[in-house]
Protein chains: 2
Amino acid sequence: MRNNVIVGQSGGPTAVINSSLAGVYKSAMDRGIEKVYGMRHGILGFLDEQYTDLSEHIKSELDIELLKRTPAAFLGTCRYKLPEIYGHEDVYKKIFAVLDKLDISCFLYIGGNDSMDTIRKLSDYAVIVDHPTRFVGVPKTIDNDLAVTDHTPGYGSAAKYIGTALKEVIADTLSFAYDTKIVTIVEIMGRHAGWLTGAAALAEGEDSVGPDLIYMPELTFDMERFVDKVKEILPKKKCITVAVSEGIKVANGKYVCELGEGSDYVDAFGHKQLTGTARTLATVISAEIGCKTRAIELSTLQRSASHLVSRVDITEAFQVGAAGVKAAMEGETGKMILLKRVSNDPYICITDMHDVHKIANAEKTVPREWINESGDYVTKEFMDYMKPLIQAELPPIQVEGIPRYLYMRKNGTPVT
Amino acid sequence: MRNNVIVGQSGGPTAVINSSLAGVYKSAMDRGIEKVYGMRHGILGFLDEQYTDLSEHIKSELDIELLKRTPAAFLGTCRYKLPEIYGHEDVYKKIFAVLDKLDISCFLYIGGNDSMDTIRKLSDYAVIVDHPTRFVGVPKTIDNDLAVTDHTPGYGSAAKYIGTALKEVIADTLSFAYDTKIVTIVEIMGRHAGWLTGAAALAEGEDSVGPDLIYMPELTFDMERFVDKVKEILPKKKCITVAVSEGIKVANGKYVCELGEGSDYVDAFGHKQLTGTARTLATVISAEIGCKTRAIELSTLQRSASHLVSRVDITEAFQVGAAGVKAAMEGETGKMILLKRVSNDPYICITDMHDVHKIANAEKTVPREWINESGDYVTKEFMDYMKPLIQAELPPIQVEGIPRYLYMRKNGTPVT
């Protein structure tokens with residue numbers, strides 16, 4: 001009797017991706033599923049028959065709570081796109097053979113665009129070969145760039161982290177700004193969409209100035225206008241804070257972070273050195289204006305800071321996981337669970353689902369009208385959209401002063 | 001009647017520096033002081049007669065709680081060392097004239113080594129000219145490099161942040177490590193002392209592997225041995241995490257971050273580009289070993305993350321502020337308040353004081369025996385020393401999902 005579930009995680013982690021995993025596990029167990037398997041490192045590991053029985057790792061309600069608060073992909077993740085079915089039937093045969101071996105009725109995949117592509121292909125193949133396993137996608141990405149869903153789990157916590165970190169950075173800079181002017185450039189993740197960078201505006205409040213300029217990849221970056229803008233603001237303020245997406249590009253299509261490469265710089269060790277976007281802009285500003293600059297990359301922390309999550313976000317992440325199991329068990333396949341905002345104030349949001357064919361490989365960027373006219377800040381609409389998603393906290397479970405995680409064991413010790 | 005207090009903040013901020021300011025203010029008010037003035041941007045601003053009446057900013061018990069949780073120096077800070085008295089009497093006359101004008105009986109200065117030098121010089125001058133104002137130093141620095149005191153307020157919170165962030169980074173890296181090996185280099189503050197970098201070891205626990213290698217500036221960094229060490233570990237693990245102080249130097253006395261400069265690299269904008277320590281080491285590893293690397297700078301956040309403070313630390317920061325006022329009001333001058341650890345388990349720590357002449361300009365580095373023999377990790381003694389200082393939390397006061405701060409007002413709006 002085919003009555004087992006398998007779940008995988010794919011793409012860049014978020015601070016709440018494991019809350020979706022917890023939602024899948026808890027919901028499946030509550031619904032009488034016999035075994036919930038976890039793929040190790042997504043479909044890539046699954047192709048090597050790397051999977052684990054989740055009941056070996058989750059043994060109590062406390063473990064569920066720990067799992068929700070554990071950063072990064074508990075099961076391991078991958079960046080791997082399945083090949084097209086046509087011409088690669090062997091790959092699919094292999095996957096489905098393992099699904100049969102494990103008696104899998106429902107296949108859940110937690111991820112972003114590429115992961116939805118995986119769900120699309122697997123559900124297509126199941127239709128072609130008339131296979132009973134159902135395939136449902138569970139949305140996840142800090143980038144918030146999935147189509148159709150109002151927002152993606154992971155975004156709210158990343159936005160909250162970015163807003164909080166920016167506010168701290170601004171306070172730090174301000175406290176130094178006495179007889180020197182300082183321009184701080186903060187680099188935020190986002191190759192194609194500015195959702196995360198826009199969250200820098202959350203630092204603004206009656207108790208804090210926010211960033212002065214926000215540059216998102218939706219618009220072409222104009223270096224000259226940027227320098228002029230800084231020159232224009234500088235006489236009025238002691239410090240300027242600029243939030244930039246890593247993915248901003250200039251008119252010729254080059255990323256800003258590639259601009260410093262012209263000189264074929266090879267360092268003392270004979271290795272070509274890549275400079276970040278923030279560092280490049282800071283260099284330009286100090287060269288053109290001569291003032292003190294600081295370049296800060298929020299780096300990995302913006303997607304892994306489980307010590308500072310939004311309770312709305314971590315709860316919704318759990319809900320979409322649970323909704324995924326429900327949908328698959330009720331016979332849905334080739335669908336992605338999504339979040340549908342019913343109202344903004346009070347914030348009411350429900351889960352729904354949508355044909356994954358209309359989601360996979362599409363990309364939702366920030367609408368032009370949510371960026372101000374001069375292209376260097378967000379509008380009130382953006383703020384109204386974002387604010388409900390960062391509300392409230394779910395603190396880590398602290399043991400001896402450090403957050404405690406659930407960990408993947410092998411013979412009782414953490415897998416390394 | 002000389003019955004006012006003035007307090008200043010100096011040097012790099014910490015996440016709890018304002019808790020000391022709150023301790024000074026509360027204690028002074030409780031002890032019947034009429035006015036507590038705050039210097040704007042430390043002694044540098046004071047020389048320009050920049051000060052403010054703190055009662056204009058702190059109006060309630062809630063404001064005290066907000067102030068404690070506000071990152072960066074609320075009063076503004078400076079990096080400024082007073083000139084020697086001899087030959088610069090005019091500077092001192094100016095300072096003391098303002099002290100007289102404001103009827104200051106007690107002068108408190110919250111800071112590190114350079115700030116204690118300020119206390120030393122001012123108290124010396126007061127003795128020379130037989131002036132009644134008392135000068136007391138309140139210790140503060142994330143670097144933990146002040147002499148005589150067991151530790152410095154600010155260190156515990158920075159250590160807690162570093163341990164937490166490292167644990168998150170390691171989880172993130174591990175979740176990607178399937179078919180590729182990854183070496184992550186995390187750069188941590190500390191030019192001369194490895195106290196902060198050693199805190200990376202807090203990421204280690206039964207639920208998490210810690211960093212594999214920790215390099216502190218107390219020991220000369222050997223690039224060849226480092227590469228060999230990574231090569232030695234790599235076959236046994238999927239990922240390696242290395243924590244390095246920004247201030248590590250190689251045998252010829254050069255900082256590691258200066259090593260990439262040999263090529264006189266000038267970027268496309270004609271500006272010389274400096275590379276960080278982590279980036280330099282990552283470049284070496286990918287060049288020498290060819291594996292994937294990541295370079296992460298914890299940057300400003302390690303000293304400004306007031307959203308993740310140690311309750312032990314923020315409480316002690318308050319206590320040293322209060323103890324400073326008590327000491328000065330009882331007639332002490334030329335002293336620094338210090339923390340004296342009475343026992344480790346249970347952790348008991350009291351305040352005491354010490355002649356500032358024996359503290360200023362001295363530097364406490366990590367003892368050799370608290371670093372392992374091969375010079376690339378901390379010992380149990382280091383961990384035992386550090387652990388009590390990171391215990392428990394004091395969450396921010398959250399308003400609409402973002403931490404709320406007390407802010408310096410001018411006509412009701414935040415000073416920018």
# chains A, B, ... in the order shown; residues from 1 in each chain; ligands from 1

$ select_by_dssp --residues "range 92-163 of chain B" --states "strand (DSSP E)" --output "list in words"
Ile104, Ser105, Cys106, Phe107, Leu108, Tyr109, Ile110, Gly111, Arg134, Phe135, Val136, Gly137, Val138 and Pro139 of chain B

$ write_last_selection --atoms "N, CA and C atoms" --output "PDB file, in the first residue's frame"
ATOM      1  N   ILE B 104      30.221  70.986  37.219  1.00  0.00           N
ATOM      2  CA  ILE B 104      30.416  69.531  37.167  1.00  0.00           C
ATOM      3  C   ILE B 104      31.244  69.055  38.364  1.00  0.00           C
ATOM      4  N   SER B 105      30.666  68.119  39.107  1.00  0.00           N
ATOM      5  CA  SER B 105      31.443  67.504  40.197  1.00  0.00           C
ATOM      6  C   SER B 105      32.036  66.170  39.747  1.00  0.00           C
ATOM      7  N   CYS B 106      31.328  65.465  38.869  1.00  0.00           N
ATOM      8  CA  CYS B 106      31.800  64.140  38.429  1.00  0.00           C
ATOM      9  C   CYS B 106      31.804  64.044  36.914  1.00  0.00           C
ATOM     10  N   PHE B 107      32.911  63.570  36.382  1.00  0.00           N
ATOM     11  CA  PHE B 107      33.106  63.417  34.941  1.00  0.00           C
ATOM     12  C   PHE B 107      33.300  61.932  34.664  1.00  0.00           C
ATOM     13  N   LEU B 108      32.355  61.342  33.942  1.00  0.00           N
ATOM     14  CA  LEU B 108      32.415  59.907  33.637  1.00  0.00           C
ATOM     15  C   LEU B 108      32.697  59.728  32.160  1.00  0.00           C
ATOM     16  N   TYR B 109      33.579  58.815  31.847  1.00  0.00           N
ATOM     17  CA  TYR B 109      33.916  58.608  30.434  1.00  0.00           C
ATOM     18  C   TYR B 109      33.847  57.114  30.146  1.00  0.00           C
ATOM     19  N   ILE B 110      32.944  56.746  29.238  1.00  0.00           N
ATOM     20  CA  ILE B 110      32.716  55.342  28.906  1.00  0.00           C
ATOM     21  C   ILE B 110      33.554  54.997  27.681  1.00  0.00           C
ATOM     22  N   GLY B 111      34.509  54.108  27.860  1.00  0.00           N
ATOM     23  CA  GLY B 111      35.356  53.809  26.708  1.00  0.00           C
ATOM     24  C   GLY B 111      36.416  52.765  26.981  1.00  0.00           C
ATOM     25  N   ARG B 134      35.917  65.244  39.881  1.00  0.00           N
ATOM     26  CA  ARG B 134      36.486  63.885  39.900  1.00  0.00           C
ATOM     27  C   ARG B 134      36.283  63.226  38.535  1.00  0.00           C
ATOM     28  N   PHE B 135      37.252  62.429  38.139  1.00  0.00           N
ATOM     29  CA  PHE B 135      37.246  61.801  36.809  1.00  0.00           C
ATOM     30  C   PHE B 135      37.308  60.282  36.951  1.00  0.00           C
ATOM     31  N   VAL B 136      36.283  59.625  36.461  1.00  0.00           N
ATOM     32  CA  VAL B 136      36.228  58.161  36.591  1.00  0.00           C
ATOM     33  C   VAL B 136      35.912  57.533  35.236  1.00  0.00           C
ATOM     34  N   GLY B 137      36.627  56.487  34.928  1.00  0.00           N
ATOM     35  CA  GLY B 137      36.422  55.781  33.663  1.00  0.00           C
ATOM     36  C   GLY B 137      35.483  54.601  33.817  1.00  0.00           C
ATOM     37  N   VAL B 138      34.631  54.421  32.824  1.00  0.00           N
ATOM     38  CA  VAL B 138      33.697  53.292  32.788  1.00  0.00           C
ATOM     39  C   VAL B 138      34.105  52.408  31.612  1.00  0.00           C
ATOM     40  N   PRO B 139      34.481  51.147  31.877  1.00  0.00           N
ATOM     41  CA  PRO B 139      35.059  50.317  30.813  1.00  0.00           C
ATOM     42  C   PRO B 139      34.033  49.908  29.769  1.00  0.00           C
TER      43      PRO B 139
END

$ residues_around --residues "Leu298 in chain A" --least-positions-apart "5" --cutoff "8 Å" --atoms "only C-alpha atoms" --output "ChimeraX atom specification"
/A:162,186-189

$ select_by_dssp --residues "range 309-392 of chain B" --states "helix (DSSP H, G or I)" --output "NGL selection string"
:B and (311-329 or 356-358 or 368-370 or 380-390)

$ write_last_selection --atoms "C-alpha atoms" --output "PDB file, in the first residue's frame"
ATOM      1  CA  ARG B 311      21.730  39.754  29.510  1.00  0.00           C
ATOM      2  CA  VAL B 312      24.777  39.220  31.709  1.00  0.00           C
ATOM      3  CA  ASP B 313      26.635  41.747  29.594  1.00  0.00           C
ATOM      4  CA  ILE B 314      23.955  44.410  29.375  1.00  0.00           C
ATOM      5  CA  THR B 315      23.383  44.141  33.123  1.00  0.00           C
ATOM      6  CA  GLU B 316      27.087  44.466  33.901  1.00  0.00           C
ATOM      7  CA  ALA B 317      27.306  47.420  31.512  1.00  0.00           C
ATOM      8  CA  PHE B 318      24.586  49.139  33.540  1.00  0.00           C
ATOM      9  CA  GLN B 319      26.335  48.226  36.792  1.00  0.00           C
ATOM     10  CA  VAL B 320      29.717  49.686  35.839  1.00  0.00           C
ATOM     11  CA  GLY B 321      27.985  52.925  34.849  1.00  0.00           C
ATOM     12  CA  ALA B 322      26.246  53.113  38.191  1.00  0.00           C
ATOM     13  CA  ALA B 323      29.438  52.149  40.052  1.00  0.00           C
ATOM     14  CA  GLY B 324      31.281  54.952  38.252  1.00  0.00           C
ATOM     15  CA  VAL B 325      28.869  57.551  39.572  1.00  0.00           C
ATOM     16  CA  LYS B 326      29.044  56.103  43.077  1.00  0.00           C
ATOM     17  CA  ALA B 327      32.847  56.136  43.060  1.00  0.00           C
ATOM     18  CA  ALA B 328      33.101  59.692  41.751  1.00  0.00           C
ATOM     19  CA  MET B 329      30.487  60.965  44.194  1.00  0.00           C
ATOM     20  CA  VAL B 356      43.614  54.395  35.718  1.00  0.00           C
ATOM     21  CA  HIS B 357      47.353  55.078  35.330  1.00  0.00           C
ATOM     22  CA  LYS B 358      47.922  51.341  35.404  1.00  0.00           C
ATOM     23  CA  ARG B 368      49.331  31.922  24.978  1.00  0.00           C
ATOM     24  CA  GLU B 369      48.112  28.999  27.057  1.00  0.00           C
ATOM     25  CA  TRP B 370      44.492  29.762  26.093  1.00  0.00           C
ATOM     26  CA  LYS B 380      38.933  24.867  27.344  1.00  0.00           C
ATOM     27  CA  GLU B 381      40.214  27.662  29.623  1.00  0.00           C
ATOM     28  CA  PHE B 382      39.213  30.241  26.999  1.00  0.00           C
ATOM     29  CA  MET B 383      35.759  28.664  26.668  1.00  0.00           C
ATOM     30  CA  ASP B 384      35.255  28.520  30.448  1.00  0.00           C
ATOM     31  CA  TYR B 385      36.221  32.181  30.684  1.00  0.00           C
ATOM     32  CA  MET B 386      33.858  33.238  27.915  1.00  0.00           C
ATOM     33  CA  LYS B 387      30.755  31.169  28.535  1.00  0.00           C
ATOM     34  CA  PRO B 388      29.302  32.968  31.571  1.00  0.00           C
ATOM     35  CA  LEU B 389      29.550  36.275  29.703  1.00  0.00           C
ATOM     36  CA  ILE B 390      27.133  35.308  26.923  1.00  0.00           C
TER      37      ILE B 390
END

$ atom_distance --atom1 "CA of Arg294 in chain B" --atom2 "CA of Val366 in chain B"
27.1 Å

$ interface_residues --of "chain B" --to "chain A" --cutoff "7 Å" --atoms "only C-alpha atoms" --output "MDAnalysis selection string"
chainID B and resid 41 71:74 76:78 160 164 168:169 171:172 174:176 178 207:209 237:238 259:263 265 267:269 271 283:284 287 296 299:301 304:305 390:392 400:407 414 416

$ atom_distance --atom1 "CA of Arg341 in chain B" --atom2 "CA of Glu363 in chain B"
18.9 Å

$ residues_around --residues "Val378 in chain A" --least-positions-apart "6" --cutoff "10 Å" --atoms "only C-alpha atoms" --output "count of residues only"
17

$ residues_around --residues "range 147-152 of chain B" --least-positions-apart "4" --cutoff "7 Å" --atoms "only C-alpha atoms" --output "list in words"
Pro139, Lys140, Thr141, Leu338, Leu339, Lys340, Arg341, Ile359, Ala362, Glu363 and Lys364 of chain B

$ atom_distance --atom1 "CA of Met353 in chain B" --atom2 "CA of Gly112 in chain B"
14.7 Å

$ residues_around --residues "Lys81 in chain A" --least-positions-apart "5" --cutoff "9 Å" --atoms "only C-alpha atoms" --output "PyMOL selection string"
chain A and resi 43-44+114-115+117-118

$ residues_around --residues "Leu234 in chain A" --least-positions-apart "6" --cutoff "9 Å" --atoms "only C-alpha atoms" --output "list in words"
Lys181, Ile182, Val183 and Ile240 of chain A
